[in-house]
>>> print(open('model_38.csv').read())   # CSV, C-alpha atoms (C1' of nucleotides)
chain,number,residue,atom,x,y,z
A,1,MET,CA,103.3,110.2,129.1
A,2,SER,CA,100.1,108.4,130.1
A,3,PRO,CA,99.1,105.0,128.6
A,4,GLU,CA,96.2,106.9,126.9
A,5,ASP,CA,98.7,109.0,125.0
A,6,PHE,CA,100.0,105.8,123.2
A,7,LEU,CA,96.6,105.8,121.4
A,8,ARG,CA,97.5,109.1,119.7
A,9,LEU,CA,97.7,108.5,116.0
A,10,ASP,CA,100.7,110.8,115.6
A,11,LEU,CA,102.8,108.9,118.1
A,12,GLN,CA,102.5,105.5,116.5
A,13,LEU,CA,105.0,103.9,114.2
A,14,CYS,CA,102.8,101.7,112.2
A,15,PHE,CA,100.6,104.4,110.7
A,16,PRO,CA,103.5,106.4,109.1
A,17,LEU,CA,104.9,103.1,107.8
A,18,TYR,CA,101.5,102.2,106.4
A,19,ALA,CA,101.1,105.6,104.8
A,20,ALA,CA,104.7,105.7,103.5
A,21,SER,CA,104.4,102.2,102.0
A,22,ARG,CA,101.2,103.2,100.1
A,23,ALA,CA,102.7,106.5,99.0
A,24,MET,CA,105.8,104.7,97.6
A,25,VAL,CA,103.6,102.3,95.7
A,26,GLN,CA,101.7,105.3,94.3
A,27,ALA,CA,105.0,106.8,93.2
A,28,TYR,CA,105.7,103.6,91.3
A,29,THR,CA,102.3,103.4,89.7
A,30,PRO,CA,102.6,105.8,86.8
A,31,LEU,CA,106.0,104.4,85.9
A,32,LEU,CA,104.8,100.8,86.1
A,33,SER,CA,101.6,101.4,84.2
A,34,LYS,CA,103.8,102.3,81.2
A,35,LEU,CA,104.9,98.6,81.4
A,36,GLY,CA,101.4,97.3,82.1
A,37,LEU,CA,102.4,96.2,85.6
A,38,THR,CA,101.1,96.8,89.1
A,39,TYR,CA,103.6,97.0,92.0
A,40,PRO,CA,103.1,93.5,93.3
A,41,GLN,CA,103.4,92.2,89.7
A,42,TYR,CA,106.6,94.2,89.4
A,43,LEU,CA,108.0,92.5,92.5
A,44,VAL,CA,107.3,89.1,90.9
A,45,MET,CA,109.1,90.3,87.8
A,46,LEU,CA,112.1,91.5,89.8
A,47,VAL,CA,112.4,88.0,91.3
A,48,LEU,CA,112.1,86.3,87.9
A,49,TRP,CA,114.7,88.7,86.3
A,50,GLU,CA,117.1,87.5,89.0
A,51,THR,CA,116.0,83.9,89.0
A,52,ASP,CA,114.0,82.5,86.2
A,53,GLY,CA,111.9,79.3,86.5
A,54,VAL,CA,111.2,79.7,90.2
A,55,THR,CA,108.3,77.9,91.9
A,56,VAL,CA,105.2,79.6,93.3
A,57,LYS,CA,106.4,78.5,96.8
A,58,ALA,CA,109.9,80.1,96.3
A,59,LEU,CA,108.2,83.3,95.0
A,60,GLY,CA,106.1,83.3,98.1
A,61,GLU,CA,109.1,82.9,100.4
A,62,LYS,CA,111.0,85.8,98.7
A,63,LEU,CA,108.0,88.2,98.6
A,64,TYR,CA,106.2,87.0,101.8
A,65,LEU,CA,103.0,86.4,99.8
A,66,ASP,CA,100.9,83.2,99.8
A,67,SER,CA,99.3,81.3,97.0
A,68,GLY,CA,96.0,83.0,97.6
A,69,THR,CA,97.7,86.2,96.4
A,70,LEU,CA,100.2,84.8,93.9
A,71,THR,CA,98.0,82.4,91.9
A,72,PRO,CA,95.6,85.0,90.5
A,73,LEU,CA,98.5,87.5,90.1
A,74,LEU,CA,100.5,85.0,88.1
A,75,LYS,CA,97.5,84.2,86.0
A,76,ARG,CA,97.2,87.8,85.1
A,77,LEU,CA,100.9,88.0,84.2
A,78,GLU,CA,100.4,84.9,82.1
A,79,THR,CA,97.4,86.6,80.3
A,80,LEU,CA,99.8,89.6,79.7
A,81,ALA,CA,102.2,87.1,78.2
A,82,PHE,CA,105.1,88.0,80.5
A,83,VAL,CA,105.3,84.6,82.2
A,84,ARG,CA,104.4,80.9,81.6
A,85,ARG,CA,103.2,78.6,84.4
A,86,GLU,CA,103.8,74.8,84.2
A,87,ARG,CA,103.5,71.9,86.6
A,88,SER,CA,107.0,70.7,87.7
A,89,LYS,CA,107.9,67.3,86.2
A,90,GLU,CA,110.0,66.4,89.3
A,91,ASP,CA,107.2,67.3,91.7
A,92,ALA,CA,103.7,67.6,90.3
A,93,ARG,CA,102.5,69.5,93.3
A,94,SER,CA,104.6,72.5,92.4
A,95,VAL,CA,104.3,75.0,89.6
A,96,ARG,CA,107.3,76.7,87.9
A,97,VAL,CA,107.0,80.2,86.7
A,98,SER,CA,109.2,81.2,83.7
A,99,LEU,CA,109.7,84.4,81.7
A,100,THR,CA,108.5,84.6,78.1
A,101,PRO,CA,110.7,86.6,75.7
A,102,GLN,CA,108.3,89.5,76.2
A,103,GLY,CA,108.8,89.2,80.0
A,104,ARG,CA,112.6,89.1,79.6
A,105,ALA,CA,112.4,92.1,77.3
A,106,LEU,CA,110.4,94.1,79.8
A,107,ARG,CA,113.5,94.3,82.0
A,108,ARG,CA,115.2,96.9,79.8
A,109,LYS,CA,112.1,99.2,80.0
A,110,ALA,CA,112.3,98.9,83.8
A,111,THR,CA,115.9,99.8,84.3
A,112,SER,CA,115.2,103.5,84.8
A,113,ILE,CA,112.6,103.0,87.5
A,114,PRO,CA,114.7,102.4,90.6
A,115,GLU,CA,116.7,105.6,90.1
A,116,ALA,CA,113.6,107.7,89.4
A,117,ILE,CA,112.0,106.4,92.7
A,118,ALA,CA,115.2,107.0,94.6
A,119,CYS,CA,115.1,110.6,93.5
A,120,ARG,CA,111.5,110.9,94.6
A,121,THR,CA,112.4,110.0,98.1
A,122,GLY,CA,114.6,113.1,98.4
A,123,LEU,CA,117.1,111.0,100.4
A,124,SER,CA,120.8,110.5,99.7
A,125,LEU,CA,122.0,106.9,98.8
A,126,GLU,CA,123.5,106.7,102.3
A,127,GLU,CA,120.2,107.7,104.0
A,128,LEU,CA,118.3,105.3,101.8
A,129,SER,CA,120.6,102.5,102.6
A,130,ARG,CA,120.4,103.2,106.4
A,131,LEU,CA,116.6,103.5,106.3
A,132,ARG,CA,116.4,100.2,104.4
A,133,ARG,CA,118.5,98.5,107.0
A,134,ASP,CA,116.4,99.9,109.9
A,135,VAL,CA,113.1,99.0,108.3
A,136,LEU,CA,114.5,95.5,107.5
A,137,ARG,CA,115.5,95.1,111.1
A,138,LEU,CA,112.0,96.1,112.2
A,139,PHE,CA,110.5,93.7,109.7
A,140,GLU,CA,112.6,90.8,111.0
A,141,ASN,CA,111.7,91.6,114.6
A,142,VAL,CA,108.0,91.9,114.0
A,143,SER,CA,107.5,89.0,111.6
A,144,LYS,CA,109.3,86.4,113.7
B,1,MET,CA,127.3,99.5,90.7
B,2,SER,CA,125.6,99.2,87.3
B,3,PRO,CA,122.0,100.5,86.6
B,4,GLU,CA,121.0,96.9,86.3
B,5,ASP,CA,121.9,96.3,90.0
B,6,PHE,CA,119.3,98.8,91.0
B,7,LEU,CA,116.7,96.3,89.8
B,8,ARG,CA,117.9,93.9,92.5
B,9,LEU,CA,115.0,93.3,95.0
B,10,ASP,CA,117.4,93.3,98.0
B,11,LEU,CA,118.7,96.8,97.2
B,12,GLN,CA,115.4,98.6,97.0
B,13,LEU,CA,113.7,100.5,99.9
B,14,CYS,CA,110.1,100.1,98.9
B,15,PHE,CA,110.0,96.4,99.3
B,16,PRO,CA,111.2,96.2,102.9
B,17,LEU,CA,108.8,99.1,103.7
B,18,TYR,CA,105.9,97.2,102.0
B,19,ALA,CA,106.8,94.0,103.8
B,20,ALA,CA,107.3,95.7,107.2
B,21,SER,CA,104.0,97.5,106.9
B,22,ARG,CA,102.1,94.3,106.2
B,23,ALA,CA,104.0,92.5,109.0
B,24,MET,CA,103.1,95.3,111.5
B,25,VAL,CA,99.4,95.1,110.5
B,26,GLN,CA,99.6,91.4,111.0
B,27,ALA,CA,101.0,91.9,114.5
B,28,TYR,CA,98.0,94.1,115.3
B,29,THR,CA,95.5,91.7,113.8
B,30,PRO,CA,95.1,89.2,116.7
B,31,LEU,CA,94.9,92.1,119.2
B,32,LEU,CA,92.3,94.0,117.1
B,33,SER,CA,90.2,91.0,116.3
B,34,LYS,CA,89.4,90.8,120.1
B,35,LEU,CA,87.8,94.2,119.6
B,36,GLY,CA,86.1,93.2,116.3
B,37,LEU,CA,88.2,95.7,114.3
B,38,THR,CA,90.5,95.5,111.3
B,39,TYR,CA,93.6,97.7,111.2
B,40,PRO,CA,92.1,100.4,109.0
B,41,GLN,CA,89.0,100.4,111.2
B,42,TYR,CA,91.2,100.9,114.2
B,43,LEU,CA,92.9,103.9,112.5
B,44,VAL,CA,89.4,105.5,112.1
B,45,MET,CA,88.6,104.8,115.8
B,46,LEU,CA,91.9,106.4,116.8
B,47,VAL,CA,90.9,109.6,115.0
B,48,LEU,CA,87.4,109.5,116.5
B,49,TRP,CA,88.7,108.9,120.0
B,50,GLU,CA,90.8,112.1,119.6
B,51,THR,CA,88.2,114.1,117.7
B,52,ASP,CA,84.6,112.9,117.7
B,53,GLY,CA,82.0,114.1,115.1
B,54,VAL,CA,84.5,114.4,112.3
B,55,THR,CA,83.5,114.5,108.6
B,56,VAL,CA,84.4,111.8,106.1
B,57,LYS,CA,86.6,114.4,104.3
B,58,ALA,CA,88.5,115.2,107.5
B,59,LEU,CA,89.0,111.5,108.2
B,60,GLY,CA,90.3,111.1,104.7
B,61,GLU,CA,92.8,113.9,105.2
B,62,LYS,CA,94.1,112.5,108.4
B,63,LEU,CA,94.4,109.0,107.2
B,64,TYR,CA,95.2,109.7,103.5
B,65,LEU,CA,92.2,107.6,102.4
B,66,ASP,CA,89.5,108.5,100.0
B,67,SER,CA,85.7,108.0,100.2
B,68,GLY,CA,86.0,104.9,98.0
B,69,THR,CA,87.8,103.3,101.0
B,70,LEU,CA,86.1,105.1,103.8
B,71,THR,CA,82.4,104.9,102.9
B,72,PRO,CA,82.1,101.1,103.0
B,73,LEU,CA,84.5,100.9,106.0
B,74,LEU,CA,82.3,103.4,107.9
B,75,LYS,CA,79.2,101.5,107.0
B,76,ARG,CA,80.8,98.4,108.5
B,77,LEU,CA,81.7,100.3,111.7
B,78,GLU,CA,78.1,101.5,111.8
B,79,THR,CA,76.8,97.9,111.4
B,80,LEU,CA,79.1,97.0,114.4
B,81,ALA,CA,77.4,99.9,116.3
B,82,PHE,CA,80.7,101.7,117.0
B,83,VAL,CA,79.8,104.8,115.0
B,84,ARG,CA,76.9,106.8,113.6
B,85,ARG,CA,76.9,108.6,110.3
B,86,GLU,CA,74.6,111.6,109.6
B,87,ARG,CA,74.4,114.3,106.9
B,88,SER,CA,75.7,117.6,108.2
B,89,LYS,CA,73.0,120.2,108.8
B,90,GLU,CA,75.3,123.1,107.8
B,91,ASP,CA,76.5,121.5,104.6
B,92,ALA,CA,74.4,118.6,103.3
B,93,ARG,CA,77.2,117.4,101.1
B,94,SER,CA,79.2,116.3,104.0
B,95,VAL,CA,78.7,113.4,106.5
B,96,ARG,CA,79.6,113.5,110.2
B,97,VAL,CA,80.9,110.4,111.9
B,98,SER,CA,80.3,110.1,115.6
B,99,LEU,CA,81.1,107.5,118.3
B,100,THR,CA,78.3,105.6,119.9
B,101,PRO,CA,78.6,104.7,123.6
B,102,GLN,CA,79.9,101.3,122.5
B,103,GLY,CA,82.5,103.0,120.2
B,104,ARG,CA,83.6,105.3,123.1
B,105,ALA,CA,83.7,102.3,125.5
B,106,LEU,CA,86.0,100.4,123.1
B,107,ARG,CA,88.8,102.8,123.8
B,108,ARG,CA,89.5,101.3,127.2
B,109,LYS,CA,89.9,97.8,125.6
B,110,ALA,CA,92.4,99.3,123.2
B,111,THR,CA,94.7,101.0,125.7
B,112,SER,CA,97.1,98.0,126.0
B,113,ILE,CA,97.6,97.6,122.3
B,114,PRO,CA,100.2,100.3,121.5
B,115,GLU,CA,102.6,99.1,124.2
B,116,ALA,CA,102.2,95.4,123.1
B,117,ILE,CA,103.0,96.4,119.5
B,118,ALA,CA,106.0,98.6,120.6
B,119,CYS,CA,107.4,95.5,122.4
B,120,ARG,CA,107.0,93.4,119.3
B,121,THR,CA,109.2,95.7,117.3
B,122,GLY,CA,112.1,94.9,119.6
B,123,LEU,CA,113.2,98.6,119.4
B,124,SER,CA,113.7,101.0,122.2
B,125,LEU,CA,111.4,104.0,122.5
B,126,GLU,CA,114.2,106.2,121.2
B,127,GLU,CA,114.8,104.0,118.2
B,128,LEU,CA,111.0,103.8,117.5
B,129,SER,CA,110.8,107.6,117.7
B,130,ARG,CA,113.7,108.1,115.4
B,131,LEU,CA,112.4,105.5,112.9
B,132,ARG,CA,109.0,107.2,113.0
B,133,ARG,CA,110.6,110.5,112.2
B,134,ASP,CA,112.6,109.1,109.3
B,135,VAL,CA,109.7,107.3,107.8
B,136,LEU,CA,107.5,110.3,108.1
B,137,ARG,CA,110.1,112.4,106.3
B,138,LEU,CA,110.2,109.8,103.5
B,139,PHE,CA,106.4,109.9,103.3
B,140,GLU,CA,106.3,113.7,103.1
B,141,ASN,CA,108.9,113.7,100.3
B,142,VAL,CA,107.3,111.0,98.3
B,143,SER,CA,103.7,112.1,98.6
B,144,LYS,CA,104.2,115.7,97.7
C,1,DT,C1',70.6,136.6,90.4
C,2,DC,C1',72.0,132.9,87.6
C,3,DC,C1',74.6,129.3,86.4
C,4,DA,C1',79.1,127.2,85.7
C,5,DA,C1',82.6,125.3,88.5
C,6,DT,C1',83.7,123.1,92.6
C,7,DT,C1',83.1,120.1,96.5
C,8,DC,C1',81.6,116.0,99.0
C,9,DA,C1',80.1,111.4,99.5
C,10,DG,C1',78.8,107.4,97.3
C,11,DT,C1',79.3,103.8,93.7
C,12,DT,C1',81.6,100.6,90.5
C,13,DG,C1',85.3,97.8,89.1
C,14,DC,C1',89.5,95.7,89.8
C,15,DG,C1',93.7,93.9,92.1
C,16,DC,C1',95.6,92.8,95.9
C,17,DG,C1',96.4,90.3,100.9
C,18,DC,C1',95.2,86.9,103.8
C,19,DA,C1',92.5,83.4,106.4
C,20,DA,C1',90.4,79.2,105.7
C,21,DT,C1',89.6,75.3,103.1
C,22,DT,C1',90.2,71.8,99.4
C,23,DC,C1',92.5,68.5,96.7
C,24,DA,C1',96.1,66.1,94.6
C,25,DA,C1',101.0,64.7,95.0
C,26,DT,C1',104.6,63.3,97.8
C,27,DT,C1',107.0,61.8,101.9
C,28,DG,C1',107.9,59.3,105.9
C,29,DT,C1',106.9,55.7,109.2
C,30,DG,C1',105.6,51.2,110.7
D,1,DC,C1',104.3,48.1,100.8
D,2,DA,C1',100.4,50.6,102.9
D,3,DC,C1',98.7,54.6,104.6
D,4,DA,C1',98.7,58.6,107.6
D,5,DA,C1',100.8,63.0,107.6
D,6,DT,C1',102.6,66.7,105.1
D,7,DT,C1',103.3,69.7,101.3
D,8,DG,C1',102.1,72.8,97.3
D,9,DA,C1',98.8,75.2,94.6
D,10,DA,C1',94.3,76.5,93.9
D,11,DT,C1',89.8,78.3,95.5
D,12,DT,C1',86.5,81.0,98.3
D,13,DG,C1',85.3,84.9,100.8
D,14,DC,C1',86.0,89.3,102.6
D,15,DG,C1',88.1,93.9,103.5
D,16,DC,C1',90.7,97.1,101.9
D,17,DG,C1',92.9,100.9,98.4
D,18,DC,C1',92.3,103.5,94.6
D,19,DA,C1',91.0,105.2,89.9
D,20,DA,C1',87.1,106.7,87.6
D,21,DC,C1',82.7,108.2,87.6
D,22,DT,C1',77.9,109.9,89.4
D,23,DG,C1',74.9,113.0,91.5
D,24,DA,C1',73.6,116.3,94.8
D,25,DA,C1',74.8,120.5,97.4
D,26,DT,C1',77.3,124.6,97.6
D,27,DT,C1',80.1,128.4,96.0
D,28,DG,C1',81.7,132.1,93.3
D,29,DG,C1',82.1,135.0,89.4
D,30,DA,C1',79.7,137.5,85.6
>>> encode(input="model_38.csv", output="structure tokens")
Amino acid sequence: MSPEDFLRLDLQLCFPLYAASRAMVQAYTPLLSKLGLTYPQYLVMLVLWETDGVTVKALGEKLYLDSGTLTPLLKRLETLAFVRRERSKEDARSVRVSLTPQGRALRRKATSIPEAIACRTGLSLEELSRLRRDVLRLFENVSK
Amino acid sequence: MSPEDFLRLDLQLCFPLYAASRAMVQAYTPLLSKLGLTYPQYLVMLVLWETDGVTVKALGEKLYLDSGTLTPLLKRLETLAFVRRERSKEDARSVRVSLTPQGRALRRKATSIPEAIACRTGLSLEELSRLRRDVLRLFENVSK
DNA sequence: TCCAATTCAGTTGCGCGCAATTCAATTGTG
DNA sequence: CACAATTGAATTGCGCGCAACTGAATTGGA
């Protein structure tokens, strides 16, 4: 295989990854729109449902997103009345994000989503878990 | 495992995929910026290097992008003088995109990129090819 | 042939992502 | 203690993605 061949679209890994990632987000979209959420907003809610009262910095570290993305997103979630944002008392540089009762209540409506998505992938739980592990390894290699 | 557990961020496939896809694009960014391209623009150039004079519709079908994304992107590539856009004579609804000499010349400067990226993944060619196949299968299942 | 339906590109509007910068709060060092 | 360096969030600017829509060109059925 010549070095030229590596420029063939069909031989690259990134493009399928990029297309698959967008396709997965599209699969979530109709389910999430019932809750009034976008996919990145859903990711933030997943973190908050696990750990309420987290700072913007900690959110960014979990989701690999910066304040340029998170600040406006969190303002939209605040407008939707799913979260509150308030300056930390201990360190006035940081902002804590907490769930409102509505934000907490939203969790129940979201419980059916992961299984619905898992079905859409057409993969078994074992295949899903293996693929997640492989993609995670790729992510760790590439992002370091 | 309870249905609640499926809402755990660390157990989902889409998030690693989403993070890995962005990380891969970030790995491309410094290499592509030397050529003056973004990653989606690079994808368009890959198609044109394989098949010059393609329509916007055909580009969209190969890259799974619509005219809302492609039209402004192609205008930027035209401003950069890498492509020309012209209404088709056979069917005036469609627009053909062709490489300029500069666009064609850019290919040589891009030849080293795929290998550099492959190295960054830390995976062997066999692992890369297997992962590409698995991700492609996921994409096909989810997008149909 | 006519004209309704379809197709193709373009436009608008909005929400990310992310680089780069700003600004206030805090930390660490002499 | 002073003050330079660092940190955390916000802001700005730009390029996607994509849904929804527009308008022109083409197609296909009555």
>>> closest_residue(input="model_38.csv", among="B:Thr111, B:Thr79, B:Ser124, B:Ser94", to="chain D", atoms="all atoms listed in the file")
B:Ser94
>>> closest_atom_pairs(input="model_38.csv", of="chain B", to="chain A", cutoff="8 Å", atoms="all atoms listed in the file", output="tab-separated table")
residue	atom	partner	partner_atom	distance
B:Pro3	CA	A:Thr111	CA	6.6
B:Glu4	CA	A:Thr111	CA	6.2
B:Phe6	CA	A:Pro114	CA	5.9
B:Leu7	CA	A:Pro114	CA	6.5
B:Arg8	CA	A:Leu46	CA	6.8
B:Leu9	CA	A:Leu46	CA	6.2
B:Gln12	CA	A:Pro114	CA	7.5
B:Leu13	CA	A:Arg132	CA	5.3
B:Cys14	CA	A:Met24	CA	6.4
B:Pro16	CA	A:Leu136	CA	5.7
B:Leu17	CA	A:Ser21	CA	5.6
B:Tyr18	CA	A:Ser21	CA	5.2
B:Ala19	CA	A:Phe139	CA	7.0
B:Ala20	CA	A:Phe139	CA	4.5
B:Ser21	CA	A:Tyr18	CA	5.3
B:Arg22	CA	A:Tyr18	CA	7.9
B:Ala23	CA	A:Ser143	CA	5.6
B:Met24	CA	A:Cys14	CA	6.4
B:Val25	CA	A:Cys14	CA	7.6
B:Ala27	CA	A:Val142	CA	7.0
B:Leu43	CA	A:Leu9	CA	7.5
B:Leu46	CA	A:Leu9	CA	6.2
B:Val47	CA	A:Leu9	CA	7.0
B:Glu50	CA	A:Arg8	CA	7.3
B:Leu63	CA	A:Ala19	CA	7.9
B:Tyr64	CA	A:Ala19	CA	7.3
B:Ala110	CA	A:Leu7	CA	7.9
B:Thr111	CA	A:Glu4	CA	6.2
B:Ser112	CA	A:Pro3	CA	7.7
B:Pro114	CA	A:Phe6	CA	5.8
B:Glu115	CA	A:Phe6	CA	7.3
B:Arg120	CA	A:Val142	CA	5.6
B:Thr121	CA	A:Val142	CA	5.2
B:Gly122	CA	A:Asn141	CA	6.0
B:Leu123	CA	A:Leu138	CA	7.7
B:Leu128	CA	A:Leu13	CA	6.8
B:Ser129	CA	A:Leu13	CA	7.7
B:Leu131	CA	A:Asp134	CA	7.5
B:Arg132	CA	A:Leu13	CA	5.3
B:Asp134	CA	A:Leu131	CA	7.5
B:Val135	CA	A:Leu17	CA	6.4
B:Leu136	CA	A:Pro16	CA	5.7
B:Leu138	CA	A:Thr121	CA	5.8
B:Phe139	CA	A:Ala20	CA	4.5
B:Asn141	CA	A:Thr121	CA	5.5
B:Val142	CA	A:Thr121	CA	5.2
B:Ser143	CA	A:Ala23	CA	5.7
>>> atom_distance(input="model_38.csv", atom1="atom CA of Thr29 of chain A", atom2="atom CA of Gln41 of chain A")
11.3 Å
>>> calpha_fit_and_write(input="model_38.csv", fixed="chain A", moving="chain B", output="compact mmCIF listing (two decimals) with C-alpha atoms, in the frame of the given file")
# COMPACT_ATOMS: atom_id res chain seq x y z
CA MET B 1 103.24 110.19 129.22
CA SER B 2 100.07 108.31 130.18
CA PRO B 3 99.03 104.93 128.56
CA GLU B 4 96.22 106.83 126.95
CA ASP B 5 98.74 108.96 124.97
CA PHE B 6 99.99 105.86 123.29
CA LEU B 7 96.63 105.69 121.51
CA ARG B 8 97.47 109.01 119.83
CA LEU B 9 97.72 108.43 116.01
CA ASP B 10 100.70 110.84 115.70
CA LEU B 11 102.80 108.86 118.20
CA GLN B 12 102.53 105.46 116.60
CA LEU B 13 105.05 103.93 114.12
CA CYS B 14 102.75 101.69 112.16
CA PHE B 15 100.71 104.43 110.69
CA PRO B 16 103.52 106.43 109.10
CA LEU B 17 104.95 103.10 107.82
CA TYR B 18 101.51 102.16 106.34
CA ALA B 19 101.12 105.59 104.80
CA ALA B 20 104.70 105.72 103.44
CA SER B 21 104.35 102.29 101.91
CA ARG B 22 101.18 103.22 100.08
CA ALA B 23 102.71 106.56 99.00
CA MET B 24 105.83 104.75 97.60
CA VAL B 25 103.61 102.30 95.64
CA GLN B 26 101.75 105.26 94.31
CA ALA B 27 105.00 106.84 93.14
CA TYR B 28 105.77 103.65 91.23
CA THR B 29 102.31 103.38 89.74
CA PRO B 30 102.62 105.84 86.80
CA LEU B 31 106.05 104.39 85.92
CA LEU B 32 104.79 100.76 86.08
CA SER B 33 101.60 101.39 84.23
CA LYS B 34 103.79 102.22 81.13
CA LEU B 35 104.94 98.62 81.40
CA GLY B 36 101.40 97.27 82.08
CA LEU B 37 102.36 96.14 85.61
CA THR B 38 101.04 96.77 89.10
CA TYR B 39 103.50 97.06 91.98
CA PRO B 40 103.09 93.50 93.22
CA GLN B 41 103.43 92.27 89.64
CA TYR B 42 106.64 94.19 89.35
CA LEU B 43 107.96 92.54 92.56
CA VAL B 44 107.35 89.10 90.90
CA MET B 45 109.16 90.26 87.71
CA LEU B 46 112.09 91.45 89.82
CA VAL B 47 112.45 87.96 91.29
CA LEU B 48 112.09 86.34 87.87
CA TRP B 49 114.63 88.65 86.29
CA GLU B 50 117.13 87.51 88.98
CA THR B 51 116.07 83.87 89.05
CA ASP B 52 113.96 82.52 86.19
CA GLY B 53 111.92 79.24 86.47
CA VAL B 54 111.13 79.70 90.12
CA THR B 55 108.26 77.87 91.89
CA VAL B 56 105.21 79.60 93.31
CA LYS B 57 106.41 78.52 96.81
CA ALA B 58 109.83 80.10 96.27
CA LEU B 59 108.21 83.31 95.02
CA GLY B 60 106.05 83.31 98.09
CA GLU B 61 109.07 82.98 100.35
CA LYS B 62 110.90 85.79 98.72
CA LEU B 63 108.03 88.14 98.63
CA TYR B 64 106.21 86.98 101.82
CA LEU B 65 103.02 86.31 99.83
CA ASP B 66 100.90 83.25 99.81
CA SER B 67 99.29 81.33 96.91
CA GLY B 68 95.97 83.08 97.60
CA THR B 69 97.73 86.27 96.38
CA LEU B 70 100.13 84.79 93.93
CA THR B 71 97.98 82.37 91.91
CA PRO B 72 95.59 84.97 90.46
CA LEU B 73 98.45 87.52 90.09
CA LEU B 74 100.47 84.94 88.10
CA LYS B 75 97.50 84.13 85.96
CA ARG B 76 97.23 87.82 85.13
CA LEU B 77 100.95 87.99 84.24
CA GLU B 78 100.39 84.94 82.06
CA THR B 79 97.40 86.62 80.32
CA LEU B 80 99.79 89.62 79.66
CA ALA B 81 102.24 87.06 78.14
CA PHE B 82 105.09 88.01 80.51
CA VAL B 83 105.28 84.59 82.16
CA ARG B 84 104.45 80.92 81.69
CA ARG B 85 103.29 78.59 84.40
CA GLU B 86 103.79 74.79 84.20
CA ARG B 87 103.52 71.87 86.66
CA SER B 88 106.94 70.69 87.72
CA LYS B 89 107.94 67.33 86.26
CA GLU B 90 109.91 66.34 89.40
CA ASP B 91 107.17 67.25 91.83
CA ALA B 92 103.69 67.65 90.34
CA ARG B 93 102.49 69.56 93.34
CA SER B 94 104.57 72.49 92.49
CA VAL B 95 104.31 75.05 89.61
CA ARG B 96 107.27 76.68 87.84
CA VAL B 97 107.02 80.25 86.67
CA SER B 98 109.16 81.24 83.74
CA LEU B 99 109.72 84.46 81.72
CA THR B 100 108.58 84.60 78.16
CA PRO B 101 110.69 86.58 75.66
CA GLN B 102 108.33 89.50 76.24
CA GLY B 103 108.78 89.16 80.06
CA ARG B 104 112.61 89.08 79.63
CA ALA B 105 112.45 92.05 77.20
CA LEU B 106 110.50 94.10 79.78
CA ARG B 107 113.52 94.31 81.99
CA ARG B 108 115.20 96.88 79.78
CA LYS B 109 112.09 99.16 80.03
CA ALA B 110 112.31 98.88 83.79
CA THR B 111 115.95 99.84 84.26
CA SER B 112 115.22 103.58 84.80
CA ILE B 113 112.61 103.03 87.44
CA PRO B 114 114.71 102.44 90.59
CA GLU B 115 116.74 105.62 90.11
CA ALA B 116 113.54 107.71 89.42
CA ILE B 117 111.98 106.37 92.63
CA ALA B 118 115.24 106.96 94.66
CA CYS B 119 115.09 110.63 93.49
CA ARG B 120 111.51 110.94 94.60
CA THR B 121 112.38 110.02 98.14
CA GLY B 122 114.57 113.09 98.39
CA LEU B 123 117.14 111.03 100.42
CA SER B 124 120.74 110.47 99.67
CA LEU B 125 121.93 106.97 98.81
CA GLU B 126 123.45 106.71 102.27
CA GLU B 127 120.25 107.74 103.97
CA LEU B 128 118.20 105.32 101.74
CA SER B 129 120.61 102.51 102.64
CA ARG B 130 120.43 103.23 106.31
CA LEU B 131 116.61 103.53 106.25
CA ARG B 132 116.44 100.24 104.36
CA ARG B 133 118.53 98.59 107.00
CA ASP B 134 116.43 99.94 109.85
CA VAL B 135 113.18 98.99 108.28
CA LEU B 136 114.41 95.55 107.49
CA ARG B 137 115.45 95.08 111.11
CA LEU B 138 111.95 96.15 112.21
CA PHE B 139 110.44 93.68 109.75
CA GLU B 140 112.61 90.80 110.98
CA ASN B 141 111.66 91.54 114.61
CA VAL B 142 108.01 91.89 113.98
CA SER B 143 107.53 88.96 111.64
CA LYS B 144 109.32 86.39 113.68
>>> closest_atom_pairs(input="model_38.csv", of="chain C", to="segment 4-9 of chain D", cutoff="12 Å", atoms="all atoms listed in the file", output="JSON lines")
{"residue": "C:DT22", "atom": "C1'", "partner": "D:DA9", "partner_atom": "C1'", "distance": 10.4}
{"residue": "C:DC23", "atom": "C1'", "partner": "D:DA9", "partner_atom": "C1'", "distance": 9.4}
{"residue": "C:DA24", "atom": "C1'", "partner": "D:DG8", "partner_atom": "C1'", "distance": 9.4}
{"residue": "C:DA25", "atom": "C1'", "partner": "D:DT7", "partner_atom": "C1'", "distance": 8.4}
{"residue": "C:DT26", "atom": "C1'", "partner": "D:DT7", "partner_atom": "C1'", "distance": 7.4}
{"residue": "C:DT27", "atom": "C1'", "partner": "D:DT6", "partner_atom": "C1'", "distance": 7.3}
{"residue": "C:DG28", "atom": "C1'", "partner": "D:DA5", "partner_atom": "C1'", "distance": 8.2}
{"residue": "C:DT29", "atom": "C1'", "partner": "D:DA4", "partner_atom": "C1'", "distance": 8.8}
{"residue": "C:DG30", "atom": "C1'", "partner": "D:DA4", "partner_atom": "C1'", "distance": 10.6}
>>> interface_residues(input="model_38.csv", of="chain B", to="chain D", cutoff="8 Å", atoms="only C-alpha atoms (C1' of nucleotides)", output="list in words")
Pro40, Leu65, Asp66, Gly68, Thr69, Asp91, Ala92 and Arg93 of chain B
>>> write_last_selection(input="model_38.csv", atoms="C-alpha atoms", output="mmCIF file, keeping the file's coordinate frame")
data_model
loop_
_atom_site.group_PDB
_atom_site.id
_atom_site.type_symbol
_atom_site.label_atom_id
_atom_site.label_comp_id
_atom_site.auth_asym_id
_atom_site.auth_seq_id
_atom_site.Cartn_x
_atom_site.Cartn_y
_atom_site.Cartn_z
ATOM 1 C CA PRO B 40 92.100 100.400 109.000
ATOM 2 C CA LEU B 65 92.200 107.600 102.400
ATOM 3 C CA ASP B 66 89.500 108.500 100.000
ATOM 4 C CA GLY B 68 86.000 104.900 98.000
ATOM 5 C CA THR B 69 87.800 103.300 101.000
ATOM 6 C CA ASP B 91 76.500 121.500 104.600
ATOM 7 C CA ALA B 92 74.400 118.600 103.300
ATOM 8 C CA ARG B 93 77.200 117.400 101.100
#
